[in-house]
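Here's final02.txt, which has compact mmCIF, C-alpha atoms:
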```txt
# COMPACT_ATOMS: atom_id res chain seq x y z
CA MET A 1047 124.92 132.68 210.35
CA SER A 1048 126.68 129.79 208.67
CA GLU A 1049 129.04 130.15 205.73
CA LYS A 1050 126.90 127.45 204.10
CA GLN A 1051 123.91 129.75 203.63
CA ASN A 1052 123.40 129.97 199.88
CA ILE A 1053 123.12 133.74 199.42
CA GLU A 1054 125.62 136.35 198.26
CA VAL A 1055 126.94 138.55 201.07
CA TRP A 1056 130.04 140.73 201.38
CA GLY A 1057 130.46 140.55 197.61
CA GLU A 1058 132.29 143.89 197.54
CA LEU A 1059 134.83 142.66 200.09
CA ILE A 1060 135.41 139.40 198.20
CA LYS A 1061 135.90 141.43 195.01
CA LEU A 1062 138.39 143.68 196.80
CA CYS A 1063 140.48 140.64 197.74
CA LEU A 1064 140.32 139.24 194.23
CA ASP A 1065 141.32 142.59 192.72
CA VAL A 1066 144.33 142.87 195.04
CA LEU A 1067 145.28 139.28 194.20
CA ALA A 1068 145.10 140.04 190.47
CA ARG A 1069 147.73 142.78 190.91
CA LEU A 1070 149.89 140.72 193.25
CA THR A 1071 152.82 139.90 190.96
CA GLN A 1072 152.84 143.39 189.44
CA THR A 1073 154.65 145.04 192.38
CA ALA A 1074 151.30 145.72 194.06
CA GLU A 1075 151.43 148.22 196.90
CA ILE A 1076 148.81 146.39 198.99
CA ARG A 1077 149.58 142.82 200.01
CA LEU A 1078 148.03 142.67 203.49
CA LEU A 1079 144.29 143.07 204.01
CA ASP A 1080 143.04 143.33 207.60
CA PHE A 1081 139.30 142.81 208.01
CA TRP A 1082 137.63 143.63 211.31
CA THR A 1083 134.34 143.49 213.12
CA TYR A 1084 133.24 142.92 216.68
CA ARG A 1085 132.41 139.60 218.30
CA GLY A 1086 129.86 137.60 216.28
CA GLY A 1087 130.23 139.90 213.28
CA GLY A 1088 131.09 137.18 210.77
CA LYS A 1089 134.90 137.10 210.71
CA THR A 1090 135.24 133.34 210.29
CA THR A 1091 132.25 133.10 207.95
CA PHE A 1092 133.78 135.80 205.76
CA LEU A 1093 137.07 133.91 205.51
CA HIS A 1094 135.26 130.70 204.54
CA ARG A 1095 133.41 132.56 201.80
CA LEU A 1096 136.66 134.12 200.61
CA LYS A 1097 138.36 130.72 200.63
CA ALA A 1098 135.58 129.33 198.43
CA ALA A 1099 135.96 132.25 196.01
CA LEU A 1100 139.71 131.55 195.81
CA ASP A 1101 139.16 127.95 194.69
CA ARG A 1102 140.99 128.44 191.39
CA PRO A 1103 143.71 126.40 189.66
CA ASP A 1104 146.22 129.28 189.69
CA VAL A 1105 145.89 130.13 193.41
CA ALA A 1106 147.22 128.24 196.43
CA VAL A 1107 145.20 128.94 199.57
CA ILE A 1108 147.53 128.29 202.48
CA GLY A 1109 145.15 127.14 205.17
CA LEU A 1110 142.57 129.01 207.03
CA TRP A 1111 144.39 129.33 210.33
CA ASP A 1112 142.72 130.30 213.60
CA VAL A 1113 145.49 132.13 215.43
CA ALA A 1114 143.53 131.94 218.69
CA VAL A 1115 143.81 128.13 218.87
CA SER A 1116 147.05 127.47 216.98
CA GLU A 1117 150.46 127.35 218.67
CA MET A 1118 152.59 130.09 217.16
CA GLU A 1119 155.70 128.03 216.42
CA TYR A 1120 153.60 125.41 214.67
CA LEU A 1121 151.70 128.05 212.72
CA ILE A 1122 154.83 129.78 211.43
CA ARG A 1123 156.52 126.51 210.49
CA GLU A 1124 153.51 125.07 208.68
CA ILE A 1125 152.80 128.23 206.68
CA LEU A 1126 156.41 128.70 205.58
CA GLN A 1127 156.71 125.06 204.56
CA ALA A 1128 153.44 125.16 202.61
CA LEU A 1129 154.59 128.25 200.74
CA GLU A 1130 157.90 126.68 199.82
CA ILE A 1131 156.41 123.52 198.31
CA SER A 1132 153.60 125.27 196.39
CA PRO A 1133 154.36 125.51 192.65
CA LEU A 1134 151.60 128.04 192.00
CA GLN A 1135 152.39 131.63 191.11
CA LYS A 1136 149.99 133.18 193.63
CA LYS A 1137 149.46 132.23 197.26
CA VAL A 1138 146.93 133.48 199.82
CA VAL A 1139 147.38 133.07 203.57
CA LEU A 1140 144.18 133.34 205.64
CA LEU A 1141 144.59 134.18 209.35
CA ASP A 1142 141.56 134.35 211.63
CA ASN A 1143 141.55 136.17 215.02
CA ILE A 1144 145.05 137.57 214.60
CA ASP A 1145 144.53 140.17 217.35
CA HIS A 1146 144.36 137.30 219.87
CA LEU A 1147 148.15 137.53 220.01
CA LEU A 1148 147.87 141.04 221.45
CA ARG A 1149 145.98 139.66 224.44
CA ILE A 1150 148.71 137.17 225.37
CA GLY A 1151 150.82 138.64 228.15
CA ASN A 1152 152.10 142.06 227.11
CA GLY A 1153 151.32 141.51 223.44
CA GLU A 1154 154.89 140.69 222.43
CA SER A 1155 153.68 137.52 220.66
CA PHE A 1156 151.92 139.69 218.08
CA PHE A 1157 155.08 141.59 217.20
CA GLU A 1158 157.16 138.40 217.16
CA PHE A 1159 154.62 136.88 214.76
CA GLU A 1160 154.89 140.02 212.64
CA ARG A 1161 158.71 139.85 212.50
CA ARG A 1162 158.97 136.12 211.88
CA LEU A 1163 156.07 135.56 209.46
CA ILE A 1164 154.20 138.63 208.23
CA LEU A 1165 157.25 140.68 207.25
CA PRO A 1166 159.04 137.85 205.41
CA LEU A 1167 155.86 137.03 203.47
CA LEU A 1168 155.44 140.66 202.42
CA GLU A 1169 159.02 140.70 201.15
CA ARG A 1170 157.93 138.19 198.51
CA ASN A 1171 155.82 139.25 195.53
CA ASP A 1172 153.62 136.17 195.35
CA VAL A 1173 151.71 136.18 198.68
CA LEU A 1174 148.52 137.96 199.73
CA ILE A 1175 147.81 137.89 203.47
CA VAL A 1176 144.23 138.27 204.69
CA THR A 1177 143.58 138.62 208.42
CA THR A 1178 140.52 139.08 210.59
CA GLY A 1179 140.18 140.45 214.11
CA LYS A 1180 138.18 142.74 216.36
CA LEU A 1181 140.48 145.77 216.22
CA SER A 1182 139.80 148.36 213.53
CA LEU A 1183 143.50 149.19 213.28
CA LEU A 1184 146.11 146.59 214.16
CA PRO A 1185 149.28 148.09 215.71
CA TRP A 1186 151.74 146.71 213.18
CA GLY A 1187 155.19 147.73 214.35
CA GLU A 1188 157.20 147.40 211.14
CA TYR A 1189 157.08 150.26 208.64
CA ASP A 1190 157.37 147.82 205.74
CA VAL A 1191 154.22 146.10 207.01
CA ARG A 1192 152.21 149.27 207.60
CA ILE A 1193 152.78 150.61 204.07
CA CYS A 1194 151.50 147.35 202.54
CA ARG A 1195 148.24 147.06 204.48
CA GLU A 1196 144.64 148.20 204.30
CA SER A 1197 141.93 147.79 206.93
CA HIS A 1198 138.26 147.18 206.12
CA LEU A 1199 135.10 146.65 208.16
CA ILE A 1200 133.13 143.44 207.75
CA ARG A 1201 129.78 145.18 207.69
CA ALA A 1202 126.46 143.90 208.93
CA LEU A 1203 124.19 142.46 206.25
CA ASN A 1204 122.07 145.00 204.43
CA GLN A 1205 118.30 144.83 204.19
CA GLN A 1206 118.26 143.11 200.81
CA GLU A 1207 120.61 140.40 202.05
CA VAL A 1208 118.45 139.86 205.14
CA ILE A 1209 115.37 139.59 202.92
CA GLN A 1210 117.10 136.76 201.04
CA LEU A 1211 117.90 135.02 204.32
CA ALA A 1212 114.34 135.46 205.53
CA GLU A 1213 113.05 133.77 202.38
CA LEU A 1214 115.55 130.95 202.85
CA TRP A 1215 114.52 130.52 206.49
CA SER A 1216 110.77 131.17 205.94
CA LEU A 1217 110.80 134.07 208.40
CA ASP A 1218 109.27 137.56 208.42
CA ALA A 1219 111.87 139.70 206.64
CA GLN A 1220 110.88 143.01 208.22
CA ARG A 1221 110.96 141.62 211.76
CA LEU A 1222 114.23 139.79 211.10
CA PHE A 1223 115.96 142.96 209.92
CA GLU A 1224 114.48 145.23 212.58
CA LEU A 1225 115.55 142.94 215.40
CA SER A 1226 119.00 142.03 214.05
CA LEU A 1227 120.02 145.13 212.08
CA GLY A 1228 121.73 142.54 209.88
CA TYR A 1229 124.29 141.53 212.53
CA PRO A 1230 125.32 137.90 211.86
CA GLN A 1231 125.22 136.56 215.44
CA VAL A 1232 121.78 138.03 216.09
CA LEU A 1233 120.57 136.64 212.77
CA SER A 1234 121.77 133.22 213.87
CA TRP A 1235 119.85 133.44 217.15
CA LEU A 1236 116.69 134.45 215.33
CA GLN A 1237 117.06 131.62 212.84
CA GLN A 1238 117.30 129.14 215.72
CA GLU A 1239 114.62 130.81 217.88
CA PRO A 1240 112.45 132.96 215.62
CA HIS A 1241 109.94 133.77 218.36
CA LEU A 1242 112.39 135.26 220.85
CA SER A 1243 110.78 138.11 222.73
CA VAL A 1244 112.25 141.59 222.41
CA LYS A 1245 113.23 141.61 226.08
CA ILE A 1246 114.95 138.21 226.03
CA LEU A 1247 116.80 139.19 222.85
CA ALA A 1248 117.89 142.48 224.45
CA GLN A 1249 119.32 140.64 227.44
CA ARG A 1250 121.08 138.12 225.20
CA ILE A 1251 122.62 140.89 223.08
CA THR A 1252 123.87 142.68 226.20
CA ASP A 1253 125.26 139.53 227.79
CA TYR A 1254 126.97 138.42 224.58
CA PHE A 1255 128.63 141.69 223.59
CA LEU A 1256 129.71 142.59 227.14
CA ALA A 1257 130.60 139.10 228.40
CA ASP A 1258 134.34 139.75 228.73
CA PHE A 1259 134.06 142.82 230.96
CA SER A 1260 134.06 143.20 234.73
CA PRO A 1261 130.80 144.52 236.29
CA ALA A 1262 132.16 148.10 236.42
CA GLU A 1263 133.45 147.92 232.84
CA ARG A 1264 130.18 146.39 231.70
CA GLU A 1265 128.21 149.25 233.23
CA LEU A 1266 130.38 151.79 231.46
CA ALA A 1267 130.27 149.90 228.14
CA ALA A 1268 126.47 149.72 228.27
CA ALA A 1269 126.25 153.45 228.97
CA THR A 1270 128.67 154.41 226.20
CA ALA A 1271 126.47 152.59 223.68
CA LEU A 1272 124.08 155.51 224.17
CA LEU A 1273 126.85 158.00 223.36
CA PRO A 1274 127.96 158.21 219.72
CA ALA A 1275 131.03 160.08 221.02
CA PHE A 1276 132.36 160.10 224.56
CA ASP A 1277 135.27 161.16 226.74
CA VAL A 1278 135.94 161.35 230.46
CA ALA A 1279 134.16 164.71 230.77
CA VAL A 1280 130.79 163.43 229.55
CA LEU A 1281 131.18 160.10 231.34
CA ARG A 1282 131.50 161.97 234.64
CA LYS A 1283 128.07 163.47 233.94
CA VAL A 1284 126.26 160.34 232.82
CA LEU A 1285 128.02 157.70 234.92
CA PRO A 1286 129.52 159.05 238.16
CA LEU A 1287 132.03 156.71 239.78
CA ALA A 1288 131.99 156.28 243.55
CA GLY A 1289 134.90 155.51 245.87
CA GLN A 1290 137.53 157.78 244.31
CA GLU A 1291 139.18 160.15 246.76
CA THR A 1292 140.92 162.55 244.38
CA GLU A 1293 140.39 164.02 240.92
CA GLU A 1294 143.47 162.12 239.73
CA SER A 1295 142.19 158.75 240.95
CA LEU A 1296 138.76 159.46 239.47
CA TYR A 1297 140.24 160.30 236.07
CA ALA A 1298 142.48 157.20 236.23
CA ALA A 1299 139.48 154.99 237.00
CA TYR A 1300 137.61 156.20 233.92
CA ILE A 1301 140.71 155.78 231.74
CA ASP A 1302 141.23 152.22 233.00
CA HIS A 1303 137.66 151.32 232.06
CA ILE A 1304 137.99 152.97 228.65
CA ARG A 1305 141.21 151.07 228.00
CA SER A 1306 139.32 147.85 228.53
CA LEU A 1307 136.85 148.85 225.81
CA LEU A 1308 139.73 149.70 223.48
CA ALA A 1309 141.56 146.43 224.14
CA ALA A 1310 138.39 144.46 223.43
CA GLY A 1311 137.88 146.22 220.10
CA LEU A 1312 134.58 147.74 221.22
CA ALA A 1313 135.76 151.38 221.05
CA ALA A 1314 138.62 153.47 219.69
CA TRP A 1315 139.81 157.05 219.69
CA ASN A 1316 138.41 159.01 216.74
CA MET A 1317 140.76 161.86 215.81
CA ASN A 1318 138.17 163.50 213.56
CA VAL A 1319 135.64 163.73 216.39
CA GLY A 1320 138.16 164.32 219.17
CA ALA A 1321 136.53 161.66 221.33
CA TYR A 1322 136.16 157.92 221.80
CA CYS A 1323 133.56 156.12 219.70
CA MET A 1324 132.18 152.62 219.43
CA MET A 1325 133.76 151.47 216.20
CA ASN A 1326 130.98 149.17 215.01
CA SER A 1327 127.84 151.28 214.64
CA THR A 1328 125.61 148.20 214.39
CA VAL A 1329 126.88 146.90 217.72
CA ARG A 1330 126.37 150.36 219.24
CA ARG A 1331 122.77 150.51 218.00
CA LEU A 1332 121.98 146.97 219.17
CA LEU A 1333 123.37 147.68 222.64
CA ALA A 1334 121.63 151.05 222.86
CA ARG A 1335 118.28 149.59 221.88
CA SER A 1336 118.75 146.73 224.33
CA PHE A 1337 119.56 149.23 227.09
CA GLN A 1338 116.32 151.11 226.37
CA VAL A 1339 114.31 147.87 226.52
CA LEU A 1340 115.91 146.67 229.76
CA TYR A 1341 116.38 149.97 231.59
CA PRO A 1342 113.97 152.56 230.15
CA GLU A 1343 114.26 155.06 233.02
CA ARG A 1344 118.05 154.88 233.10
CA PHE A 1345 118.00 155.33 229.32
CA LYS A 1346 116.19 158.64 229.77
CA GLU A 1347 118.52 159.75 232.58
CA ILE A 1348 121.68 159.14 230.57
CA HIS A 1349 120.38 160.93 227.49
CA LYS A 1350 119.19 163.85 229.65
CA ALA A 1351 122.61 164.18 231.30
CA ALA A 1352 124.33 163.93 227.90
CA THR A 1353 121.94 166.52 226.46
CA ASP A 1354 122.77 168.98 229.23
CA TYR A 1355 126.48 168.41 228.76
CA TYR A 1356 126.60 168.70 224.97
CA GLN A 1357 124.19 171.62 224.78
CA SER A 1358 126.44 173.43 227.24
CA GLU A 1359 129.55 172.55 225.23
CA ALA A 1360 127.84 173.67 222.01
CA ARG A 1361 127.88 177.26 223.30
CA TYR A 1362 131.55 177.37 222.30
CA ALA A 1363 131.59 178.09 218.57
CA GLY A 1364 135.17 176.95 218.12
CA TYR A 1365 134.25 173.38 219.08
CA LEU A 1366 130.85 173.26 217.43
CA HIS A 1367 132.01 170.81 214.76
CA ARG A 1368 132.74 168.33 217.57
CA THR A 1369 129.62 168.89 219.68
CA LEU A 1370 126.66 169.77 217.45
CA VAL A 1371 125.85 166.23 216.26
CA SER A 1372 125.92 164.80 219.80
CA ALA A 1373 123.91 167.75 221.15
CA LEU A 1374 121.15 167.21 218.61
CA TYR A 1375 121.23 163.42 218.86
CA HIS A 1376 120.81 163.37 222.65
CA THR A 1377 118.23 166.17 222.53
CA ALA A 1378 116.22 164.15 220.02
CA CYS A 1379 116.50 160.97 222.12
CA VAL A 1380 115.19 162.80 225.20
CA GLN A 1381 112.35 164.42 223.32
CA SER A 1382 111.39 161.12 221.68
CA THR A 1383 110.47 159.79 225.12
CA GLN A 1384 108.08 162.72 225.75
CA ALA A 1385 104.51 162.09 224.63
CA GLY A 1386 103.14 164.61 222.16
CA THR A 1387 106.51 166.22 221.36
CA ASP A 1388 107.42 167.04 217.78
CA VAL A 1389 111.05 165.97 218.02
CA GLY A 1390 112.13 167.48 214.72
CA GLU A 1391 110.60 170.89 215.34
CA PHE A 1392 112.02 171.01 218.87
CA CYS A 1393 115.54 170.35 217.57
CA LYS A 1394 115.20 172.79 214.69
CA ARG A 1395 114.09 175.56 217.08
CA TRP A 1396 117.08 174.81 219.29
CA VAL A 1397 119.40 175.34 216.30
CA GLU A 1398 117.58 178.54 215.28
CA ASP A 1399 117.85 179.90 218.82
CA HIS A 1400 121.59 179.23 219.06
CA ILE A 1401 122.90 180.13 215.60
CA PRO A 1402 123.34 183.82 216.53
CA GLY A 1403 125.83 182.78 219.22
CA TRP A 1404 127.94 180.64 216.89
CA ASP A 1405 129.92 183.41 215.22
CA GLY A 1406 133.41 182.17 214.44
CA ALA A 1407 132.44 178.53 214.05
CA ASP A 1408 134.30 176.47 211.46
CA TRP A 1409 131.17 176.13 209.37
CA LYS A 1410 132.78 173.93 206.75
CA ALA A 1411 133.72 171.42 209.46
CA VAL A 1412 130.33 171.83 211.17
CA LEU A 1413 128.46 171.05 207.96
CA ARG A 1414 130.73 168.10 207.18
CA ALA A 1415 130.11 166.63 210.64
CA TRP A 1416 126.36 167.22 210.39
CA GLU A 1417 126.06 165.73 206.92
CA ASN A 1418 128.05 162.55 207.65
CA GLY A 1419 126.92 161.97 211.24
CA ALA A 1420 130.36 162.93 212.59
CA GLY A 1421 131.83 160.17 210.46
CA ASP A 1422 129.13 157.61 211.31
CA ILE A 1423 126.61 157.19 208.48
CA ALA A 1424 124.45 154.99 210.74
CA LEU A 1425 124.18 157.91 213.17
CA ARG A 1426 123.08 160.17 210.33
CA GLU A 1427 120.36 157.63 209.50
CA GLU A 1428 119.27 157.57 213.16
CA LEU A 1429 118.97 161.35 213.13
CA GLU A 1430 116.81 161.18 210.01
CA VAL A 1431 114.49 158.74 211.80
CA LEU A 1432 114.38 160.78 215.02
CA LEU A 1433 113.99 164.23 213.44
CA GLY A 1434 112.50 163.38 210.08
CA ILE A 1435 114.28 163.72 206.73
CA GLU A 1436 112.64 167.08 206.01
CA VAL A 1437 113.78 168.62 209.30
CA VAL A 1438 117.32 167.28 208.80
CA ALA A 1439 117.33 169.04 205.42
CA GLU A 1440 116.00 172.25 207.03
CA ILE A 1441 118.75 172.20 209.68
CA THR A 1442 121.30 171.66 206.91
CA GLN A 1443 119.89 174.74 205.20
CA LEU A 1444 120.15 176.78 208.43
CA LEU A 1445 123.79 175.79 208.87
CA THR A 1446 124.57 176.46 205.20
CA GLN A 1447 123.02 179.91 205.47
CA ALA A 1448 125.09 180.62 208.57
CA GLN A 1449 128.22 179.67 206.62
CA HIS A 1450 127.22 181.92 203.75
CA THR A 1451 126.53 184.84 206.11
CA MET A 1452 129.99 184.46 207.65
CA GLU A 1453 131.67 184.32 204.22
CA VAL A 1454 129.89 187.48 203.07
CA ALA A 1455 130.87 189.27 206.29
CA GLN A 1456 134.50 188.45 205.66
```

Show this structure as structure tokens.
Amino acid sequence: MSEKQNIEVWGELIKLCLDVLARLTQTAEIRLLDFWTYRGGGKTTFLHRLKAALDRPDVAVIGLWDVAVSEMEYLIREILQALEISPLQKKVVLLDNIDHLLRIGNGESFFEFERRLILPLLERNDVLIVTTGKLSLLPWGEYDVRICRESHLIRALNQQEVIQLAELWSLDAQRLFELSLGYPQVLSWLQQEPHLSVKILAQRITDYFLADFSPAERELAAATALLPAFDVAVLRKVLPLAGQETEESLYAAYIDHIRSLLAAGLAAWNMNVGAYCMMNSTVRRLLARSFQVLYPERFKEIHKAATDYYQSEARYAGYLHRTLVSALYHTACVQSTQAGTDVGEFCKRWVEDHIPGWDGADWKAVLRAWENGAGDIALREELEVLLGIEVVAEITQLLTQAQHTMEVAQ
């Protein structure tokens, strides 16, 4: 999707930048905005749109620098010189692909860049720094940098924005949104080749998102797209690794693969869930759907193994807030592949059957996880599609009643 497309997208993120800029000379707390998304998610396009919005007589936009292709010494020198000669009261520095520095050697270049450029700029009161990258949380080392920053997702386009694009491109809006889920790179493919088959698109999505991984890492990454939350324990059930002689070497092999996903920005540890998660829910859904198209039987096997694991874990009331959403999601995915099954009723009966054994659960945390999809609103929307909105509401009522019963008993 080109930055030249004449429709309004990411307006709320542009406004956020402009609002921070407006407070810049008033001892603003936030002076570093990190924007993130996965590969093909619109990082560069977003910066071009922001640069256009900053085309004002009172603002100096210092470049739009691609850190991945610029030599660091040159970059630091040019930015500092440009700042010094600018007479304007407010300056904005735009840095694309800043997390590239973390993938050079041991990552020391990133922290050197932070010490020599980012920190000195933040010590001024006239510079706003905007960065983009694939990592949801950049590991800034300096305290004075961390307290000045915010991190924000560059979201996929919403349905209304895709409808506008479809009109501009003379394409079927419903098909365009269903196939792309609003993800910029997929939208671009469909603009160029509007008649791509579902299977060819699924293969292209898989190849594109997982291109930087080894075959073993790619297999694990594809499988984890089916798991809204995952750790080594569930991976051992859904994706057994061969050739490991000891428990220690087996665990280390899984951790090595997971670290590759983390380094690529595909996944991160989620403290609220107590597990790893794919950080970009649109990427997760695109990969999961592609997996189902390309490997339908393996899709069923993985969800069945995950169902068995999470249903077993859900017997422990103390951890229910971390297992219930995954247990119901995988149960629903398995049942959705069975002809003639009422997925919603099946899942509701499972909850009804198990509530008596959940005495002592942290019902407040359980309800919070259920209502917000364990922190992933897209997952909540998937559950509403799989189970039906009415059944989701009925399960919410069952859980609320269980909480009330526990409170009365106390």

Looking at A:Leu1273, A:Leu1308, A:Val1339, A:Ile1423, which one is nearest to Tyr1375 in chain A, with distances taken over all atoms listed in the file?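 Using all atoms listed in the file, the shortest distance to Tyr1375 in chain A belongs to A:Leu1273.
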
From the set A:Val1280, A:Leu1147, A:Ala1128, A:Ala1334, which residue has the shortest atom-to-atom contact distance to Ala1321 in chain A, counting only C-alpha atoms?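 Checking each candidate against Ala1321 in chain A, we get A:Val1280 as the closest.
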
Taking all atoms listed in the file into account, which of A:Arg1414, A:Arg1095, A:Arg1361, A:Arg1221 comes nearest Gly1057 in chain A?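 Checking each candidate against Gly1057 in chain A, we get A:Arg1095 as the closest.
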
Specify the axis-aligned box that encloses all atoms of range 1077-1090 of chain A listed in the file after padding of 3 Å on each side, stating its centre and edge lengths in Å to one decimal as AutoDock Vina command-line options.
```
--center_x 139.7 --center_y 138.5 --center_z 209.2 --size_x 25.7 --size_y 16.3 --size_z 24.3
```

Using all atoms listed in the file, which of the listed residues (A:Ile1053, A:Leu1062, A:Arg1161, A:Leu1168) sits closest to Leu1214 in chain A? A:Ile1053

For Leu1307 in chain A, which residue out of A:Phe1337, A:Arg1077, A:Trp1404, A:Leu1181 is the nearest one, using all atoms listed in the file?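 Closest residue, counting all atoms listed in the file: A:Leu1181.
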
Residues at most 9 Å from Ala1448 in chain A, counting only C-alpha atoms, excluding those fewer than 6 positions away in the same chain, as a PyMOL selection string? chain A and resi 1401-1402+1404-1405+1409

Nearest to Asp1080 in chain A, chosen from A:Leu1121, A:Leu1312, A:Ile1175, A:Ile1251, with all atoms listed in the file counted in the distances: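 Using all atoms listed in the file, Asp1080 in chain A sits closest to A:Ile1175.
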
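Residues lying within 6 Å of (115.0, 165.5, 215.2). Counted over only C-alpha atoms, they are Ala1378, Val1389, Gly1390, Cys1393, Leu1432 and Leu1433 of chain A.
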
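The shell of residues at most 8 Å from Thr1252 in chain A, with only C-alpha atoms counted and near chain neighbours (fewer than 5 positions) removed, consists of A:Ala1257, A:Ala1268, A:Leu1333, A:Ser1336, A:Phe1337.
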
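Using all atoms listed in the file, the contacts of Thr1090 in chain A at a cut-off of 9 Å, with sequence neighbours closer than 6 positions omitted, comprise A:Glu1049, A:Asp1112, A:Asp1142, A:Asn1143, A:Thr1178.
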
So that I can check the surroundings of Cys1323 in chain A, please list as a short mmCIF file (atom, residue, chain, number, x, y, z; two decimals) with C-alpha atoms, in the coordinates of the input every protein, DNA and RNA residue that reaches within 12 Å of it, counting only C-alpha atoms and ignoring chain neighbours fewer than 3 positions away.
```
data_model
loop_
_atom_site.label_atom_id
_atom_site.label_comp_id
_atom_site.auth_asym_id
_atom_site.auth_seq_id
_atom_site.Cartn_x
_atom_site.Cartn_y
_atom_site.Cartn_z
CA SER A 1182 139.80 148.36 213.53
CA ALA A 1267 130.27 149.90 228.14
CA THR A 1270 128.67 154.41 226.20
CA ALA A 1271 126.47 152.59 223.68
CA LEU A 1272 124.08 155.51 224.17
CA LEU A 1273 126.85 158.00 223.36
CA PRO A 1274 127.96 158.21 219.72
CA ALA A 1275 131.03 160.08 221.02
CA PHE A 1276 132.36 160.10 224.56
CA ASP A 1277 135.27 161.16 226.74
CA ILE A 1304 137.99 152.97 228.65
CA LEU A 1307 136.85 148.85 225.81
CA LEU A 1308 139.73 149.70 223.48
CA GLY A 1311 137.88 146.22 220.10
CA LEU A 1312 134.58 147.74 221.22
CA ALA A 1313 135.76 151.38 221.05
CA ALA A 1314 138.62 153.47 219.69
CA TRP A 1315 139.81 157.05 219.69
CA ASN A 1316 138.41 159.01 216.74
CA MET A 1317 140.76 161.86 215.81
CA ASN A 1318 138.17 163.50 213.56
CA VAL A 1319 135.64 163.73 216.39
CA GLY A 1320 138.16 164.32 219.17
CA ASN A 1326 130.98 149.17 215.01
CA SER A 1327 127.84 151.28 214.64
CA VAL A 1329 126.88 146.90 217.72
CA ARG A 1330 126.37 150.36 219.24
CA SER A 1372 125.92 164.80 219.80
CA ALA A 1420 130.36 162.93 212.59
CA GLY A 1421 131.83 160.17 210.46
CA ASP A 1422 129.13 157.61 211.31
CA LEU A 1425 124.18 157.91 213.17
#
```

Near Gly1406 in chain A, within 10 Å and counting all atoms listed in the file, which residues show up once chain neighbours fewer than 4 positions away are dropped, as a list in words? Tyr1362, Ala1363, Gly1364, Tyr1365, Leu1366, Gln1449 and Met1452 of chain A

To one decimal in Å, tell me the separation between CA of Leu1148 in chain A and CA of Ile1164 in chain A.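 Distance between the two atoms: 14.9 Å.
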
One decimal, Å: what's the distance from CA of Phe1392 in chain A over to CA of Ala1248 in chain A, could you say? 29.7 Å

One number please: CA of Leu1141 in chain A to CA of Ala1074 in chain A, in Å, one decimal.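 Separation between CA of Leu1141 in chain A and CA of Ala1074 in chain A: 20.3 Å.
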
Hey, could you make a per-residue contact list for range 1129-1221 of chain A against range 1097-1104 of chain A with 8 Å as the cut-off, showing the nearest pair of atoms and its distance in Å to one decimal, counting all atoms listed in the file, sorted by chain and number, as CSV?
```
residue,atom,partner,partner_atom,distance
A:Leu1134,CA,A:Asp1104,CA,6.0
A:Gln1135,CA,A:Asp1104,CA,6.8
A:Lys1136,CA,A:Asp1104,CA,6.7
```

Point (154.4, 126.5, 193.9) neighbourhood (12 Å, only C-alpha atoms) written as an NGL selection string: :A and (1103-1108 or 1127-1138 or 1172-1173)
